[in-house]
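Colleague: For reference, the file data_14.cif (mmCIF, C-alpha atoms) is included below:
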data_protein
loop_
_atom_site.label_atom_id
_atom_site.label_comp_id
_atom_site.auth_asym_id
_atom_site.auth_seq_id
_atom_site.Cartn_x
_atom_site.Cartn_y
_atom_site.Cartn_z
CA MET A 1 0.00 0.00 0.00
CA ILE A 2 1.24 3.47 -0.90
CA VAL A 3 0.41 6.79 0.76
CA ILE A 4 0.10 9.72 -1.68
CA LYS A 5 -0.12 13.31 -0.49
CA HIS A 6 0.09 15.38 -3.66
CA ILE A 7 -2.32 15.70 -6.58
CA ASP A 8 0.31 15.39 -9.30
CA ASN A 9 1.67 12.19 -7.73
CA MET A 10 -1.85 10.77 -7.49
CA GLN A 11 -2.54 11.60 -11.11
CA GLN A 12 0.72 9.97 -12.19
CA TYR A 13 -0.17 6.85 -10.20
CA ILE A 14 -3.51 6.66 -12.02
CA LYS A 15 -1.95 7.39 -15.42
CA GLU A 16 0.45 4.47 -15.03
CA ARG A 17 -2.47 2.10 -14.46
CA LYS A 18 -5.26 3.48 -16.62
CA HIS A 19 -3.74 2.20 -19.87
CA ARG A 20 -4.23 -1.34 -18.59
CA ASP A 21 -7.54 -3.17 -18.73
CA ILE A 22 -8.28 -2.66 -15.04
CA THR A 23 -11.03 -1.23 -12.85
CA ILE A 24 -10.43 1.34 -10.12
CA GLY A 25 -12.68 1.46 -7.06
CA PHE A 26 -12.70 4.61 -4.96
CA VAL A 27 -13.83 5.14 -1.36
CA PRO A 28 -13.79 8.84 -0.39
CA THR A 29 -13.71 9.46 3.37
CA MET A 30 -12.98 12.13 5.94
CA GLY A 31 -11.01 9.69 8.06
CA TYR A 32 -11.41 8.30 11.56
CA LEU A 33 -12.51 5.13 9.87
CA HIS A 34 -14.85 2.51 11.34
CA LYS A 35 -16.56 -0.70 10.26
CA GLY A 36 -18.92 1.24 8.03
CA HIS A 37 -15.97 2.45 5.98
CA ALA A 38 -14.47 -1.05 6.14
CA SER A 39 -17.60 -2.48 4.51
CA LEU A 40 -17.12 -0.06 1.60
CA LEU A 41 -13.47 -1.05 1.27
CA GLU A 42 -14.41 -4.73 1.31
CA LYS A 43 -17.02 -4.23 -1.40
CA ALA A 44 -14.57 -2.29 -3.54
CA ARG A 45 -11.91 -4.98 -3.04
CA GLU A 46 -14.38 -7.64 -4.20
CA GLU A 47 -15.33 -5.76 -7.36
CA CYS A 48 -12.24 -3.86 -8.52
CA ASP A 49 -8.65 -4.50 -9.55
CA TYR A 50 -7.31 -1.44 -7.70
CA VAL A 51 -8.82 0.18 -4.62
CA ILE A 52 -8.05 3.76 -3.65
CA ALA A 53 -9.26 5.48 -0.49
CA SER A 54 -9.02 9.18 0.21
CA ILE A 55 -8.83 10.82 3.63
CA PHE A 56 -9.59 14.51 3.60
CA VAL A 57 -11.63 16.53 6.08
CA ASN A 58 -13.20 18.92 3.60
CA PRO A 59 -13.62 22.42 5.08
CA LEU A 60 -16.08 23.46 2.37
CA GLN A 61 -18.82 21.22 3.75
CA PHE A 62 -18.65 22.57 7.30
CA GLY A 63 -20.59 25.68 8.32
CA PRO A 64 -19.09 28.41 10.54
CA ASN A 65 -20.57 26.94 13.73
CA GLU A 66 -20.07 23.26 12.90
CA ASP A 67 -17.49 20.77 14.10
CA TYR A 68 -14.65 21.05 11.56
CA ASP A 69 -12.01 21.58 14.24
CA GLN A 70 -13.53 18.93 16.52
CA TYR A 71 -13.88 16.31 13.79
CA PRO A 72 -11.78 13.31 14.96
CA ARG A 73 -8.52 12.67 13.14
CA ASP A 74 -6.07 9.77 13.58
CA PHE A 75 -4.15 9.00 10.40
CA GLU A 76 -1.95 6.22 11.79
CA ARG A 77 -5.04 4.38 13.01
CA ASP A 78 -6.74 4.90 9.65
CA LYS A 79 -3.70 3.73 7.72
CA ALA A 80 -3.57 0.49 9.68
CA LEU A 81 -7.25 -0.22 9.06
CA VAL A 82 -7.04 0.59 5.36
CA ASN A 83 -4.03 -1.68 4.97
CA THR A 84 -6.00 -4.53 6.57
CA TYR A 85 -8.56 -4.37 3.77
CA GLY A 86 -6.12 -4.55 0.91
CA VAL A 87 -6.27 -0.96 -0.29
CA ASP A 88 -3.65 -0.21 -2.94
CA ALA A 89 -3.25 3.52 -2.31
CA ILE A 90 -4.43 6.20 0.12
CA PHE A 91 -4.75 9.76 -1.10
CA VAL A 92 -4.26 12.14 1.87
CA PRO A 93 -3.97 15.71 0.62
CA ASN A 94 -4.03 18.61 3.05
CA LYS A 95 -6.23 21.69 2.76
CA ASP A 96 -3.61 23.74 0.90
CA GLU A 97 -3.09 20.95 -1.61
CA MET A 98 -6.79 20.72 -2.46
CA TYR A 99 -7.53 24.45 -2.24
CA PRO A 100 -4.25 26.33 -2.86
CA THR A 101 -6.03 29.58 -3.79
CA GLU A 102 -9.51 31.01 -3.53
CA SER A 103 -11.39 29.55 -6.47
CA GLY A 104 -13.23 31.70 -8.97
CA CYS A 105 -15.64 28.83 -9.67
CA GLN A 106 -18.01 26.89 -7.49
CA LEU A 107 -20.61 24.16 -7.84
CA THR A 108 -24.14 24.65 -6.57
CA VAL A 109 -26.56 21.81 -5.93
CA MET A 110 -29.99 22.73 -7.27
CA ARG A 111 -32.08 19.70 -6.28
CA ARG A 112 -32.61 17.54 -3.20
CA THR A 113 -30.94 20.02 -0.82
CA ASP A 114 -33.85 21.98 0.69
CA VAL A 115 -34.79 19.12 3.03
CA LEU A 116 -33.14 16.96 5.72
CA CYS A 117 -29.53 17.98 6.46
CA GLY A 118 -29.38 20.37 3.53
CA LYS A 119 -32.20 22.52 4.92
CA LYS A 120 -30.25 23.54 8.01
CA ARG A 121 -26.77 23.31 6.54
CA PRO A 122 -26.76 25.82 3.66
CA GLY A 123 -23.80 25.28 1.37
CA HIS A 124 -22.96 21.88 2.86
CA PHE A 125 -23.73 19.87 -0.25
CA ASP A 126 -22.15 22.51 -2.48
CA GLY A 127 -18.95 21.71 -0.59
CA VAL A 128 -19.52 17.97 -0.94
CA VAL A 129 -19.99 18.05 -4.72
CA THR A 130 -17.08 20.46 -5.16
CA VAL A 131 -14.59 18.20 -3.40
CA LEU A 132 -16.00 15.08 -5.08
CA THR A 133 -15.70 16.68 -8.51
CA LYS A 134 -12.04 17.39 -7.81
CA LEU A 135 -11.45 13.88 -6.47
CA PHE A 136 -13.26 12.24 -9.41
CA HIS A 137 -11.05 14.13 -11.87
CA ILE A 138 -7.88 13.31 -9.94
CA ILE A 139 -8.56 9.61 -9.36
CA GLN A 140 -10.78 8.75 -12.37
CA PRO A 141 -12.48 5.80 -10.69
CA ASP A 142 -14.71 3.29 -12.43
CA ARG A 143 -16.79 2.78 -9.29
CA VAL A 144 -17.27 4.92 -6.20
CA TYR A 145 -18.60 3.57 -2.91
CA PHE A 146 -20.82 5.36 -0.37
CA GLY A 147 -22.72 4.23 2.70
CA GLN A 148 -26.50 4.47 2.63
CA LYS A 149 -26.49 6.02 6.11
CA ASP A 150 -26.17 9.43 4.47
CA ALA A 151 -28.94 8.76 1.99
CA GLN A 152 -29.31 12.41 1.01
CA GLN A 153 -25.64 12.50 0.04
CA VAL A 154 -26.06 9.33 -2.02
CA ALA A 155 -29.00 10.88 -3.88
CA ILE A 156 -27.04 14.07 -4.59
CA VAL A 157 -23.91 12.21 -5.72
CA HIS A 158 -26.10 10.23 -8.11
CA ASP A 159 -27.30 13.57 -9.55
CA LEU A 160 -23.71 14.86 -9.75
CA ILE A 161 -22.50 11.84 -11.71
CA GLU A 162 -25.41 12.08 -14.16
CA ALA A 163 -25.28 15.87 -14.55
CA PHE A 164 -21.57 15.98 -15.43
CA ASN A 165 -21.45 12.66 -17.31
CA PHE A 166 -18.80 11.12 -15.09
CA PRO A 167 -18.11 7.59 -16.36
CA ILE A 168 -18.51 6.28 -12.81
CA GLU A 169 -20.82 3.70 -11.28
CA LEU A 170 -22.18 4.72 -7.88
CA VAL A 171 -22.37 1.80 -5.43
CA ALA A 172 -24.49 2.47 -2.34
CA CYS A 173 -23.79 0.03 0.51
CA PRO A 174 -26.04 -0.75 3.50
CA THR A 175 -25.60 1.09 6.79
CA VAL A 176 -23.33 -0.77 9.21
CA ARG A 177 -24.51 -0.80 12.82
CA GLU A 178 -23.31 -1.55 16.32
CA GLU A 179 -24.82 -4.59 18.05
CA ASP A 180 -27.45 -2.37 19.66
CA GLY A 181 -28.45 -0.84 16.32
CA LEU A 182 -26.65 2.49 16.48
CA ALA A 183 -25.34 3.44 13.04
CA LYS A 184 -21.55 3.47 12.86
CA SER A 185 -20.24 7.03 12.72
CA SER A 186 -16.93 8.78 13.25
CA ARG A 187 -18.83 11.17 15.51
CA ASN A 188 -19.96 8.46 17.94
CA VAL A 189 -16.74 8.92 19.92
CA ASN A 190 -18.03 12.36 20.94
CA LEU A 191 -21.05 10.92 22.78
CA SER A 192 -21.04 10.95 26.57
CA ASP A 193 -21.78 7.68 28.38
CA ALA A 194 -25.36 8.78 29.02
CA GLU A 195 -25.85 9.87 25.42
CA ARG A 196 -24.41 6.59 24.15
CA LYS A 197 -27.10 4.75 26.11
CA ASP A 198 -29.80 6.91 24.54
CA ALA A 199 -28.45 6.82 20.97
CA PRO A 200 -29.72 3.32 19.98
CA ARG A 201 -33.26 4.59 20.44
CA LEU A 202 -32.89 6.46 17.15
CA TYR A 203 -32.82 3.23 15.17
CA ASP A 204 -35.42 1.59 17.43
CA GLN A 205 -37.88 4.34 16.55
CA LEU A 206 -37.08 4.08 12.85
CA LEU A 207 -37.93 0.38 13.02
CA THR A 208 -41.19 1.19 14.77
CA ALA A 209 -42.04 3.72 12.07
CA ARG A 210 -41.19 1.19 9.36
CA LYS A 211 -43.56 -1.33 10.92
CA ALA A 212 -46.31 1.29 11.03
CA VAL A 213 -45.82 2.08 7.33
CA LEU A 214 -45.99 -1.58 6.38
CA THR A 215 -49.20 -2.07 8.38
CA GLY A 216 -50.89 0.75 6.46
CA GLU A 217 -50.75 3.78 8.76
CA SER A 218 -50.90 7.20 7.12
CA VAL A 219 -47.85 9.39 6.54
CA GLU A 220 -49.17 11.98 8.98
CA SER A 221 -49.76 9.41 11.72
CA VAL A 222 -46.39 7.71 11.33
CA LYS A 223 -44.49 11.00 11.37
CA LYS A 224 -46.42 12.32 14.39
CA LYS A 225 -45.64 9.20 16.42
CA LEU A 226 -41.99 9.22 15.33
CA VAL A 227 -41.48 12.84 16.38
CA TYR A 228 -43.24 12.25 19.71
CA SER A 229 -41.06 9.24 20.55
CA LEU A 230 -37.81 10.96 19.62
CA GLU A 231 -38.66 14.10 21.57
CA GLY A 232 -39.01 11.84 24.60
CA ILE A 233 -35.30 10.97 24.64
CA GLU A 234 -33.69 12.41 27.77
CA HIS A 235 -30.47 13.82 26.35
CA GLY A 236 -30.08 16.06 23.31
CA HIS A 237 -32.85 17.18 20.99
CA LEU A 238 -34.46 16.22 17.71
CA ASP A 239 -33.24 18.13 14.66
CA TYR A 240 -35.68 16.64 12.16
CA ALA A 241 -37.78 13.59 11.38
CA GLU A 242 -39.10 13.34 7.84
CA ILE A 243 -40.84 10.93 5.49
CA LEU A 244 -40.06 11.69 1.85
CA SER A 245 -39.94 10.05 -1.56
CA TYR A 246 -36.59 8.51 -2.45
CA PRO A 247 -34.33 9.37 -4.17
CA GLU A 248 -36.31 12.47 -5.19
CA LEU A 249 -36.58 13.65 -1.55
CA LYS A 250 -39.95 15.28 -2.08
CA PRO A 251 -42.90 15.52 0.35
CA ILE A 252 -45.49 12.78 0.02
CA GLU A 253 -49.09 12.34 1.08
CA SER A 254 -49.54 8.65 0.38
CA LEU A 255 -47.32 5.61 0.80
CA ASP A 256 -47.43 4.36 -2.78
CA GLN A 257 -43.77 4.80 -3.73
CA THR A 258 -40.27 4.14 -2.44
CA ILE A 259 -39.78 6.30 0.65
CA ILE A 260 -37.15 7.28 3.16
CA ILE A 261 -37.78 7.78 6.86
CA ALA A 262 -34.89 9.99 7.96
CA ILE A 263 -33.88 11.58 11.24
CA ALA A 264 -31.16 13.79 12.66
CA TYR A 265 -30.56 14.12 16.38
CA GLN A 266 -28.29 16.61 18.12
CA PHE A 267 -26.43 15.52 21.23
CA GLU A 268 -24.10 17.95 23.00
CA LYS A 269 -21.03 17.29 20.84
CA ALA A 270 -22.34 14.98 18.12
CA ARG A 271 -25.08 15.32 15.52
CA LEU A 272 -26.19 11.86 14.40
CA ILE A 273 -28.20 10.94 11.31
CA ASP A 274 -29.96 7.71 10.41
CA ASN A 275 -32.61 6.48 8.01
CA ILE A 276 -34.56 3.54 6.70
CA ILE A 277 -35.54 3.21 3.04
CA ILE A 278 -38.69 1.26 2.26
CA LYS A 279 -39.06 0.16 -1.34
CA LYS A 280 -42.37 0.44 -3.16
CA SER A 281 -42.36 -3.33 -3.64
CA GLU A 282 -42.35 -3.80 0.15
CA ILE A 283 -45.21 -1.35 0.66
CA ASP A 284 -47.29 -3.03 -2.07
CA LEU A 285 -47.09 -6.46 -0.43
#
Translate the structure described by the file into structure tokens.
Modeller:
Amino acid sequence: MIVIKHIDNMQQYIKERKHRDITIGFVPTMGYLHKGHASLLEKAREECDYVIASIFVNPLQFGPNEDYDQYPRDFERDKALVNTYGVDAIFVPNKDEMYPTESGCQLTVMRRTDVLCGKKRPGHFDGVVTVLTKLFHIIQPDRVYFGQKDAQQVAIVHDLIEAFNFPIELVACPTVREEDGLAKSSRNVNLSDAERKDAPRLYDQLLTARKAVLTGESVESVKKKLVYSLEGIEHGHLDYAEILSYPELKPIESLDQTIIIAIAYQFEKARLIDNIIIKKSEIDL
């Protein structure tokens, strides 16, 4: 495994391999890797000849009062984990390498951003698609791997790939969870002991809402019960709980299509997101 810190070196690495009949799988991350990331690396290793991971905490997707400085970082730990899963190269640029000067151009996401995390994090997904566009051009992957935990991001990346005709297949992988159901997240380390005990209730309530959908309850009823149960958690507070079409992320009145039940919950030092997607075929049963 090779560690690459500079864009020109990364591009040369790709150039030396692209002339061969090989596939490149790419797993973009912000580091502090966990089993959720490992599942993406495993999937990429199964499907691709070369696997490249990136570790870059992208400042463009953090707002002025968000946790950019607090975001956990431990490169030596990450490097050991990545090596375990047979990654061929890690791209670890710093902020000055990715953004050496103030850019005169920017990308703006026009769809699927006025709900869920995008509603309260203006500019967040503009930062996501900007860094991904740079990374896609640098690494030129055949497949890119994302976790379904951030389902809004997956939907927006799908739009990005289609809008700019990137010759990339998007592979969305299932959310990886702790034994008690809590979705794996780099931010989980910032939970207090009391908050960690409360956190599994997020997924428990999503499962309850899923059951209600599949037994025929109305959208309004399911959402009302979900909000009520989440507001009853002792620590932290509910950011949002929504039921939307997926991947369009539009409001719905009836449960006759693929939907997402998505929540965000703010603890003192960690904002956690989770979701369940219910396919139309399941609802129709």
Colleague: Within 9 Å of stretch 137-153 of chain A, which residues of stretch 217-283 of chain A show up? Give each one with its shortest atom-to-atom distance in Å (one decimal) and the two atoms involved, counting all atoms listed in the file, rows by chain then rising residue number, as a Markdown table.
Modeller:
| residue | atom | partner | partner_atom | distance |
| --- | --- | --- | --- | --- |
| A:Tyr246 | CA | A:Ala151 | CA | 8.8 |
| A:Pro247 | CA | A:Gln152 | CA | 7.8 |
| A:Leu249 | CA | A:Gln152 | CA | 7.8 |
| A:Ile260 | CA | A:Ala151 | CA | 8.4 |
| A:Ala262 | CA | A:Ala151 | CA | 8.5 |
| A:Ile273 | CA | A:Asp150 | CA | 7.3 |
| A:Asp274 | CA | A:Lys149 | CA | 5.8 |
| A:Asn275 | CA | A:Lys149 | CA | 6.4 |
| A:Ile276 | CA | A:Lys149 | CA | 8.5 |
| A:Ile277 | CA | A:Ala151 | CA | 8.7 |
Colleague: If you count all atoms listed in the file, which residues fall within 12 Å of A:Tyr71, apart from same-chain ones fewer than 5 positions away, as JSON, numbers by chain?
Modeller: {"A": [30, 31, 32, 33, 56, 57, 58, 59, 62, 66, 185, 186, 187, 188, 189, 190, 269, 270, 271]}
Colleague: Between atom CA of A:Ala241 and atom CA of A:Ser229, what is the spacing in Å?
Modeller: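 According to the coordinates, atom CA of A:Ser229 and atom CA of A:Ala241 are separated by 10.7 Å.
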Colleague: So the first atom is atom CA of A:Phe267 and the second is atom CA of A:Pro28; what is the distance between them in Å, to one decimal place?
Modeller: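 Atom-to-atom, atom CA of A:Phe267 and atom CA of A:Pro28 are spaced 25.9 Å apart.
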Colleague: With distances taken over all atoms listed in the file, which residue among A:Ile55, A:Val219, A:Ile261, A:Ile252 lies nearest A:Arg77?
Modeller: A:Ile55
Colleague: What's around A:Gln61 at 8 Å? Count only C-alpha atoms, leave out sequence neighbours fewer than 6 positions away in its own chain, and write the answer as a list in words.
Modeller: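 Residues meeting the cut-off are Gly123, His124, Phe125, Asp126, Gly127 and Val128 of chain A.
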Colleague: Skip A:Leu81 itself and residues of its chain fewer than 3 positions away, then list as number ranges by chain all residues within 9 Å of it, counting all atoms listed in the file.
Modeller: A: 33-34, 38, 76-78, 84-85
Colleague: When you count only C-alpha atoms, which of these residues is closest to A:Lys197: A:Lys43, A:Arg121, A:Arg177, A:His235?
Modeller: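 That would be A:His235, the residue with the smallest distance to A:Lys197.
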